[in-house]
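*Asks:* The structure under discussion is supplied below as structure tokens; questions concerning it will follow.
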Amino acid sequence: MALRLPSKVLEHILSFIDSNEDRNSVSLVCKSWFETERKTRKRVFVGNCYAVSPAAVARRFPEMRSLTLKGKPHFADYNLVPDGWGGYACPWVDALAAKSPSLEEIRLKRMVVTDECLEKIAASFKDFKVLVLTSCEGFSTDGIAAIASTCRNLRVLELRECIVEDLGGDWLSYFPKTSTSLVSLDFSCLDSEVKISDLERLVSRSPNLKSLKLNPAVTLDGLVSILSRAPQLTELGTGSFAAELKPEAFSKLSKAFSNCKQLQSLSGLWDVLPEYLPALYSVCPGLISLNLSYATVRMPDLVELLRRCSKLQKLWVMDLIEDKGLEAVATYCKELRELRVFPSEPDLDATNIPVTEQGLVYVSKGCRKLESVLYFCVQFTNAALITIARKRPNLKCFRLCVIEPFAPDYKTNEPLDKGFKAIAEGCKDLRRLSVSGLLSDKAFKYIGKHAKKVRMLSIAFAGDSDLMLHHLLSGCESLKKLEIRDCPFGDTALLENAAKLETMRSLWMSSCFVSFGACKLLSQKMPRLNVEVIDEHPPKTRPESSPVERIYIYRTVAGPRMDTPEFVWTLHKNPEIGVSRLAIK
Amino acid sequence: MSTEEELQSNVSVASSSPTSNCISRSTVGGLKEHNYLGLSDCSSSVGSSTLSGLADDDKATISLKATELTLGLPGSQSPARDTDLNLMTPVKLDEKPFFPLLPSKDEICSSSQKNNASGNKRGFSDTMDQFAEAKSSVYTEKNWMFPEVAATQSVTKKDVPQSTPKGHSSTTNNSSSPPAAKAQIVGWPPVRSYRKNTLATTCKNSDEVDGRPGAGALFVKVSMDGAPYLRKVDLRSYTNYGELSSALEKMFTTFTLGQCGSNGAAGKDMLSETKLKDLLNGKDYVLTYEDKDGDWMLVGDVPWEMFIDVCKKLKIMKGCDAIGLAAAPRAVEKSKMRA
């Protein structure tokens, strides 16, 4: 007789399991486990909003309290997805308003959110607590005001790098006049001024406030005033530092910072003048996270700041830090886990980027806990990559952007194959990888073979032939997201490995050589994939063999989507255009 | 329950083994095996059917022209490479990859990389059809060599900006032009537009506020109607309009400039002493700029110092397109408002 775990016991066990991956595994064991799991899952993550219908999610998880949704493909961040492609939050909010009224948290990334949608959220979820919008667009400050005024228990309101129609700073005054339960407020992406008095009052009546990220319109004076009312902050995003340096302003700022004894994370710092940096010295020893990626501070001022940050775990900085600044980081910031170095001039024209591969090598050697890297530079060498892999086998995320397309190892003139081979082989826990520079198919053979845990792979201007894609799709056991641009192949490898696509969340290919005929074939044969051809020129007006501009393929159980714009072709939209006499000779 | 299955396959981790070939694998959702290329269902040995499908059909299903890519320069291939990489070669099938691993690749790699480095990589121009025509013409054998960089430096392959207006590919005989103007590539380097926009503002602000002498360059983009790429100029490196316009003239004279018929740009007379129009080969172009408010104004109306303060972008427009642009009175008014 088989042992059966009583569902109460299972429920109790599951209450300790938070990770969605684990819960997904649990739900696969048997039907009763599936049932118990689904009734107890509170935090639901949907990585592609078109992969499943909102109704299905609501139905499956009746106790859902938190929903995270992602919309547009990642390359939308770089303007590769035309406006109007999709990713609308409304259908989700509408469905959930009806079926999951106890929802408390919504986190959206790369989605289109309207004011109506925000108003609906405010009106429908009585105990709404958390709204985090990352890289979203389509709404205005009116929608924010609706959330602020209606959600009495709001704890978290974060707008991260959203494109918001800014109608003014009034929204801030819509928060409840009595005390608020705000724990985190981030309005750093808004343009217009908010009234400092409104902000001051809000901060004063929000005793739980721990994280506050101001927008650039908040002046230094405003900052000082806020800090004096909220010394308990653990995360601060400053406003603009651009102001004349007056002695008393500086000392007030210094004092304000030194009162913030719990500050662990600092960001913002737009326009910061080097002369103001010493005001931050008092918080440096406690800092765990520092985002200087909008601060146009150069060397050696940067080093003065960084050498005081001995506990720093996360550093985002611009390439103004130069190799020698990174050398200092390697010396002083021994706890560093994550490093991102952004280009100060993000253009192809920029040929004098002051960091080289040496900077990253310094950090890899000096920071033993380094596990996540995003690095922009002009060129690289295999030797550097090999060193990095050898020194830091614990890397989990390695994104290297060699800005020069097709740049080989500039010392040996070879492709960067060997270097990335070392990374793939050496960093066995690598989960995310972005490659760049001159790469032949061989590099991808190595990656396919060794990068067993890589879930997300980004490729640009690389490879020689379909072999490259074939290596990846037939290797890379854990591959979930693959995004490729400007690589010279497509059809054969894609069709040969079509079934792999159902094991992945999505595949993006743009400016490659995938023909319209292949797309049609693929969509006909793989009904559980949505094959979207995103092309300015309607593909059916061209020969089948002609390449299309972009394809986005993702698995779905929701069927074809109904909200595609004109420039997105799917088989569903044009069923009469079957696969013509393509294959049949 | 099919619903369950559906939801399972979506939300849970599908555990199909990825190493087997596409044909023999069945997914959680219970998909049947498919032979994608021989559409008439080949129920016979599934594995081989695909490739024999490959070999037998004309591969008309897919444009295998697209796959017949070879490495190296057009015209400088090692012929051995050609056949090795030719995906048409029928292969013996196990569960292993269909494509023959190419032992010869190793040697070939290093030698041909030099080819790759010094010249055009395999043609995006190799696989053309009329759709790709506009693109391919940019891939002439001329490359944008940085003259100061030795052969060790890779030559950039000009990807076609996806936003290139049509018909301008004919003006890309720019091999004769002075060094290193690169085409703009959409979405590259991969920096979020939020960051790009913020930096553009930040850098300008900090340059203004930063009182140190030689406080960094003030780069603005210069575009020209009809040019396939943008240039950047450092406004701080000039001290007056005259210098700016000579520099621009030098930069842009390599383009074939079309004539604009109309002469009616109202503000042209306002271009006063700079006579930019005249300098640009008398071909009826005007220099305009976008200011901090996003308005396009004619260059030359405000004092130079004020100009570099407000100018965000430059554009060389055809005179006829510039009709109605802000002329002097408005520019002065705006500057008054700022003061």
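Identifiers in this document derive from the order of the structure tokens: chains are assigned A, B, ..., residues are numbered from 1 separately in each chain, and ligands are numbered from 1 in order of occurrence.
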List as a short mmCIF file (atom, residue, chain, number, x, y, z; two decimals) with N, CA, C and O atoms, in the first residue's frame the protein and nucleic acid residues near Leu67 (chain A), meaning an atom at most 10 Å away when only C-alpha atoms are counted, but skip any in the same chain fewer than 2 places from it.
*Replies:*
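Written file, part-v9.cif:
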```
data_model
loop_
_atom_site.label_atom_id
_atom_site.label_comp_id
_atom_site.auth_asym_id
_atom_site.auth_seq_id
_atom_site.Cartn_x
_atom_site.Cartn_y
_atom_site.Cartn_z
N LYS A 42 1.33 31.32 -2.79
CA LYS A 42 0.94 32.71 -2.61
C LYS A 42 1.63 33.64 -3.60
O LYS A 42 1.10 34.66 -3.99
N ARG A 43 2.85 33.30 -3.97
CA ARG A 43 3.60 34.18 -4.85
C ARG A 43 3.72 33.51 -6.21
O ARG A 43 4.35 32.47 -6.34
N VAL A 44 3.14 34.13 -7.19
CA VAL A 44 3.12 33.55 -8.52
C VAL A 44 3.99 34.39 -9.46
O VAL A 44 3.91 35.62 -9.46
N PHE A 45 4.78 33.68 -10.24
CA PHE A 45 5.65 34.37 -11.20
C PHE A 45 5.31 33.89 -12.61
O PHE A 45 5.32 32.68 -12.88
N VAL A 46 5.01 34.81 -13.48
CA VAL A 46 4.74 34.45 -14.88
C VAL A 46 5.74 35.21 -15.74
O VAL A 46 5.65 36.42 -15.89
N VAL A 57 -4.44 31.42 -14.56
CA VAL A 57 -3.60 31.64 -13.38
C VAL A 57 -4.46 31.87 -12.15
O VAL A 57 -4.24 31.28 -11.08
N MET A 64 -3.51 33.23 -4.33
CA MET A 64 -2.44 34.10 -4.79
C MET A 64 -2.51 35.47 -4.13
O MET A 64 -3.56 36.11 -4.12
N ARG A 65 -1.38 35.91 -3.62
CA ARG A 65 -1.34 37.25 -3.03
C ARG A 65 -0.38 38.15 -3.79
O ARG A 65 -0.45 39.38 -3.70
N LEU A 69 4.79 39.72 -13.29
CA LEU A 69 4.55 39.48 -14.72
C LEU A 69 5.60 40.18 -15.55
O LEU A 69 5.94 41.33 -15.27
N LEU A 96 -7.98 39.59 -12.83
CA LEU A 96 -7.67 39.39 -11.43
C LEU A 96 -8.60 40.17 -10.52
O LEU A 96 -8.91 39.74 -9.42
N LEU A 103 -5.68 39.92 -3.94
CA LEU A 103 -4.32 40.18 -4.41
C LEU A 103 -3.74 41.40 -3.71
O LEU A 103 -4.41 42.42 -3.57
N GLU A 104 -2.49 41.26 -3.27
CA GLU A 104 -1.88 42.37 -2.54
C GLU A 104 -0.69 42.98 -3.25
O GLU A 104 -0.31 44.12 -2.95
N GLU A 105 -0.06 42.22 -4.11
CA GLU A 105 1.18 42.71 -4.71
C GLU A 105 1.20 42.45 -6.20
O GLU A 105 0.88 41.35 -6.66
N ILE A 106 1.56 43.47 -6.93
CA ILE A 106 1.70 43.32 -8.37
C ILE A 106 3.05 43.90 -8.78
O ILE A 106 3.37 45.04 -8.45
N ARG A 107 3.82 43.09 -9.49
CA ARG A 107 5.11 43.55 -9.99
C ARG A 107 5.13 43.31 -11.49
O ARG A 107 4.95 42.18 -11.93
N LEU A 108 5.34 44.36 -12.23
CA LEU A 108 5.31 44.26 -13.69
C LEU A 108 6.62 44.73 -14.28
O LEU A 108 7.19 45.71 -13.82
#
```
*Asks:* Closest to chain B among A:Asp77, A:Glu119, A:Glu566, A:Asp166, using only C-alpha atoms?
*Replies:* A:Asp77
*Asks:* DSSP says alpha helix (DSSP H) for which residues of region 362-446 of chain A? Put them as a VMD selection string?
*Replies:* chain A and resid 362 to 366 382 to 391 417 to 426 441 to 446
*Asks:* Quick one: DSSP strand (DSSP E) residues in region 176-268 of chain A, as a PDB file with N, CA and C atoms, in the first residue's frame?
*Replies:*
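So out39.pdb came out as:
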```pdb
ATOM      1  N   SER A 184       8.470  51.781   1.165  1.00  0.00           N
ATOM      2  CA  SER A 184       9.387  52.081   0.067  1.00  0.00           C
ATOM      3  C   SER A 184       8.698  52.930  -0.977  1.00  0.00           C
ATOM      4  N   LEU A 185       9.350  54.010  -1.364  1.00  0.00           N
ATOM      5  CA  LEU A 185       8.818  54.888  -2.400  1.00  0.00           C
ATOM      6  C   LEU A 185       9.943  55.226  -3.371  1.00  0.00           C
ATOM      7  N   ASP A 186       9.693  54.976  -4.650  1.00  0.00           N
ATOM      8  CA  ASP A 186      10.726  55.263  -5.657  1.00  0.00           C
ATOM      9  C   ASP A 186      10.076  56.010  -6.799  1.00  0.00           C
ATOM     10  N   SER A 211      12.974  52.961   2.467  1.00  0.00           N
ATOM     11  CA  SER A 211      13.627  53.132   1.175  1.00  0.00           C
ATOM     12  C   SER A 211      12.975  54.282   0.441  1.00  0.00           C
ATOM     13  N   LEU A 212      13.781  55.257   0.062  1.00  0.00           N
ATOM     14  CA  LEU A 212      13.238  56.429  -0.608  1.00  0.00           C
ATOM     15  C   LEU A 212      14.151  56.819  -1.747  1.00  0.00           C
ATOM     16  N   LYS A 213      13.573  56.872  -2.957  1.00  0.00           N
ATOM     17  CA  LYS A 213      14.384  57.257  -4.096  1.00  0.00           C
ATOM     18  C   LYS A 213      13.739  58.451  -4.766  1.00  0.00           C
ATOM     19  N   GLU A 235      17.729  52.709   2.430  1.00  0.00           N
ATOM     20  CA  GLU A 235      18.048  52.889   1.024  1.00  0.00           C
ATOM     21  C   GLU A 235      17.695  54.297   0.613  1.00  0.00           C
ATOM     22  N   LEU A 236      18.644  54.947  -0.011  1.00  0.00           N
ATOM     23  CA  LEU A 236      18.385  56.327  -0.434  1.00  0.00           C
ATOM     24  C   LEU A 236      18.793  56.532  -1.876  1.00  0.00           C
ATOM     25  N   GLY A 237      17.871  57.132  -2.649  1.00  0.00           N
ATOM     26  CA  GLY A 237      18.254  57.617  -3.964  1.00  0.00           C
ATOM     27  C   GLY A 237      18.197  59.123  -3.895  1.00  0.00           C
ATOM     28  N   SER A 265      22.218  51.511   1.205  1.00  0.00           N
ATOM     29  CA  SER A 265      22.193  51.538  -0.242  1.00  0.00           C
ATOM     30  C   SER A 265      22.036  52.973  -0.703  1.00  0.00           C
ATOM     31  N   LEU A 266      22.866  53.357  -1.653  1.00  0.00           N
ATOM     32  CA  LEU A 266      22.868  54.741  -2.119  1.00  0.00           C
ATOM     33  C   LEU A 266      22.840  54.765  -3.638  1.00  0.00           C
ATOM     34  N   SER A 267      21.950  55.622  -4.182  1.00  0.00           N
ATOM     35  CA  SER A 267      21.873  55.715  -5.645  1.00  0.00           C
ATOM     36  C   SER A 267      21.484  57.143  -6.001  1.00  0.00           C
TER      37      SER A 267
END
```
*Asks:* With a distance cut-off of 12 Å and only C-alpha atoms, select the neighbouring residues of Gly84 (chain A), excluding the residue or stretch itself and same-chain residues fewer than 5 positions from it, and output the selection as a ChimeraX atom specification.
*Replies:* /A:72,76,111-112,137-138,534,563-568
*Asks:* So that I can check the surroundings of Pro354 (chain A), please list as a ChimeraX atom specification every protein, DNA and RNA residue that reaches within 12 Å of it, counting only C-alpha atoms and ignoring chain neighbours fewer than 4 positions away.
*Replies:* /A:298-299,318-326,341-345,350,358-359,376-379
*Asks:* Between CA of Ile121 (chain A) and CA of Glu161 (chain A), what is the distance, to one decimal in Å?
*Replies:*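 According to the coordinates, CA of Ile121 (chain A) and CA of Glu161 (chain A) are separated by 20.5 Å.
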*Asks:* Rank nothing, just name the residue among A:Asn382, A:Asn352, A:Ser135, A:Ser372 nearest to Leu430 (chain A), using only C-alpha atoms.
*Replies:*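 Looking at the shortest contact to Leu430 (chain A), the residue is A:Ser372.
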*Asks:* What's around Arg390 (chain A) at 9 Å? Count only C-alpha atoms, leave out sequence neighbours fewer than 2 positions away in its own chain, and write the answer as a VMD selection string.
*Replies:* chain A and resid 385 to 388 392 to 393 422 to 423 426 to 427
*Asks:* Save out the residues we just selected, N, CA, C and O atoms, as a CSV table (one decimal), in the first residue's frame.
*Replies:*
```
chain,number,residue,atom,x,y,z
A,385,LEU,N,39.9,36.8,-20.6
A,385,LEU,CA,38.7,35.9,-20.3
A,385,LEU,C,39.2,34.7,-19.6
A,385,LEU,O,38.5,34.2,-18.6
A,386,ILE,N,40.3,34.1,-20.0
A,386,ILE,CA,40.7,32.9,-19.4
A,386,ILE,C,41.1,33.1,-17.9
A,386,ILE,O,40.8,32.3,-17.0
A,387,THR,N,41.8,34.3,-17.7
A,387,THR,CA,42.1,34.6,-16.3
A,387,THR,C,40.9,34.8,-15.5
A,387,THR,O,40.8,34.3,-14.3
A,388,ILE,N,39.9,35.5,-16.0
A,388,ILE,CA,38.7,35.7,-15.2
A,388,ILE,C,38.0,34.4,-14.9
A,388,ILE,O,37.6,34.2,-13.8
A,392,ARG,N,37.6,33.3,-11.1
A,392,ARG,CA,36.3,33.4,-10.6
A,392,ARG,C,35.3,32.3,-11.1
A,392,ARG,O,34.4,32.6,-11.8
A,393,PRO,N,35.6,31.1,-10.7
A,393,PRO,CA,34.7,30.0,-11.2
A,393,PRO,C,33.3,30.1,-10.6
A,393,PRO,O,32.4,29.4,-11.0
A,422,ALA,N,36.6,29.2,-22.0
A,422,ALA,CA,37.1,29.1,-20.6
A,422,ALA,C,36.0,29.5,-19.6
A,422,ALA,O,35.8,28.9,-18.6
A,423,ILE,N,35.2,30.5,-20.0
A,423,ILE,CA,34.1,31.0,-19.1
A,423,ILE,C,33.1,29.9,-19.0
A,423,ILE,O,32.6,29.5,-17.9
A,426,GLY,N,34.7,26.9,-17.1
A,426,GLY,CA,35.2,27.1,-15.7
A,426,GLY,C,34.1,27.5,-14.8
A,426,GLY,O,34.1,27.2,-13.6
A,427,CYS,N,33.1,28.3,-15.3
A,427,CYS,CA,32.1,28.9,-14.4
A,427,CYS,C,30.9,27.9,-14.4
A,427,CYS,O,30.0,28.2,-15.2
```
*Asks:* Skip Ser310 (chain A) itself and residues of its chain fewer than 3 positions away, then list as a PyMOL selection string all residues within 10 Å of it, counting only C-alpha atoms.
*Replies:* chain A and resi 284-288+306-307+313+329+331-336
*Asks:* Next, dump the selected residues to file, keeping only N, CA, C and O atoms, as a short mmCIF file (atom, residue, chain, number, x, y, z; two decimals), in the first residue's frame.
*Replies:*
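Generated output (result-v2.cif):
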```
data_model
loop_
_atom_site.label_atom_id
_atom_site.label_comp_id
_atom_site.auth_asym_id
_atom_site.auth_seq_id
_atom_site.Cartn_x
_atom_site.Cartn_y
_atom_site.Cartn_z
N CYS A 284 29.86 55.67 3.88
CA CYS A 284 30.55 54.65 3.07
C CYS A 284 30.84 53.35 3.80
O CYS A 284 30.61 52.28 3.24
N PRO A 285 31.34 53.41 5.02
CA PRO A 285 31.69 52.14 5.66
C PRO A 285 30.51 51.19 5.84
O PRO A 285 30.71 49.99 5.98
N GLY A 286 29.31 51.73 5.83
CA GLY A 286 28.16 50.85 6.02
C GLY A 286 27.49 50.45 4.73
O GLY A 286 26.57 49.63 4.71
N LEU A 287 27.96 51.00 3.62
CA LEU A 287 27.26 50.78 2.36
C LEU A 287 27.43 49.37 1.83
O LEU A 287 28.54 48.85 1.75
N ILE A 288 26.30 48.81 1.42
CA ILE A 288 26.34 47.51 0.78
C ILE A 288 26.14 47.65 -0.72
O ILE A 288 26.63 46.87 -1.52
N LEU A 306 35.42 55.13 -2.97
CA LEU A 306 35.32 53.68 -2.96
C LEU A 306 36.23 53.03 -1.94
O LEU A 306 35.90 51.97 -1.40
N ARG A 307 37.34 53.67 -1.65
CA ARG A 307 38.24 52.97 -0.73
C ARG A 307 37.70 52.95 0.69
O ARG A 307 38.18 52.23 1.54
N GLN A 313 28.88 45.40 -1.57
CA GLN A 313 28.63 44.15 -2.28
C GLN A 313 28.19 44.40 -3.71
O GLN A 313 28.37 43.56 -4.59
N VAL A 329 39.09 49.17 -6.46
CA VAL A 329 37.94 48.38 -6.01
C VAL A 329 38.39 46.99 -5.61
O VAL A 329 37.99 46.45 -4.58
N THR A 331 41.11 46.20 -4.47
CA THR A 331 41.88 46.25 -3.23
C THR A 331 41.02 46.49 -2.02
O THR A 331 41.25 45.89 -0.95
N TYR A 332 40.03 47.37 -2.15
CA TYR A 332 39.31 47.81 -0.96
C TYR A 332 37.96 47.15 -0.76
O TYR A 332 37.47 47.07 0.36
N CYS A 333 37.35 46.73 -1.84
CA CYS A 333 35.97 46.23 -1.72
C CYS A 333 35.96 44.73 -1.82
O CYS A 333 35.53 44.15 -2.83
N LYS A 334 36.42 44.12 -0.76
CA LYS A 334 36.62 42.69 -0.83
C LYS A 334 35.33 41.88 -0.76
O LYS A 334 35.33 40.68 -0.98
N GLU A 335 34.25 42.56 -0.43
CA GLU A 335 32.98 41.82 -0.31
C GLU A 335 32.16 41.89 -1.59
O GLU A 335 31.03 41.43 -1.61
N LEU A 336 32.76 42.44 -2.62
CA LEU A 336 31.98 42.72 -3.82
C LEU A 336 31.40 41.46 -4.45
O LEU A 336 32.11 40.50 -4.73
#
```
*Asks:* Which distance in Å separates CA of Ser478 (chain A) and CA of Leu501 (chain A), to one decimal?
*Replies:*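 Rounded to one decimal, the two atoms are 11.7 Å apart.
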*Asks:* Here is a test: counting only C-alpha atoms, which residue of B:Val191, B:Leu235, B:Leu287, B:Met224 is nearest to Glu305 (chain B)?
*Replies:*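 Ranked by minimum distance to Glu305 (chain B), first place goes to B:Leu235.
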*Asks:* Using only C-alpha atoms, which protein or nucleic acid residues come within 9 Å of region 445-458 of chain A? Drop anything in the same chain fewer than 4 positions from it, and give the result as JSON, numbers by chain.
*Replies:* {"A": [396, 397, 399, 417, 418, 420, 421, 422, 423, 424, 425, 426, 427, 428, 429, 430, 431, 432, 433, 434, 435, 436, 441, 467, 468, 470, 471, 472, 473, 474, 475, 476, 477, 478, 479, 480, 481, 482, 483, 484, 485, 504]}
*Asks:* For the atom pair CA of Ser66 (chain A) and CA of Ser25 (chain A), what is the interatomic distance in Å to one decimal place?
*Replies:*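 Calculated distance between CA of Ser66 (chain A) and CA of Ser25 (chain A) is 19.6 Å.
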*Asks:* Compare B:Leu248, B:Cys320, B:Val220, B:Val299 by their minimum atom-to-atom distance to Arg236 (chain B), counting only C-alpha atoms, and give me the closest one.
*Replies:*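 Of B:Leu248, B:Cys320, B:Val220, B:Val299, the one nearest Arg236 (chain B), counting only C-alpha atoms, is B:Val220.
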*Asks:* With distances taken over only C-alpha atoms, which residue among B:Val233, B:Ser245, B:Leu298, B:Asp225 lies nearest chain A?
*Replies:* B:Val233
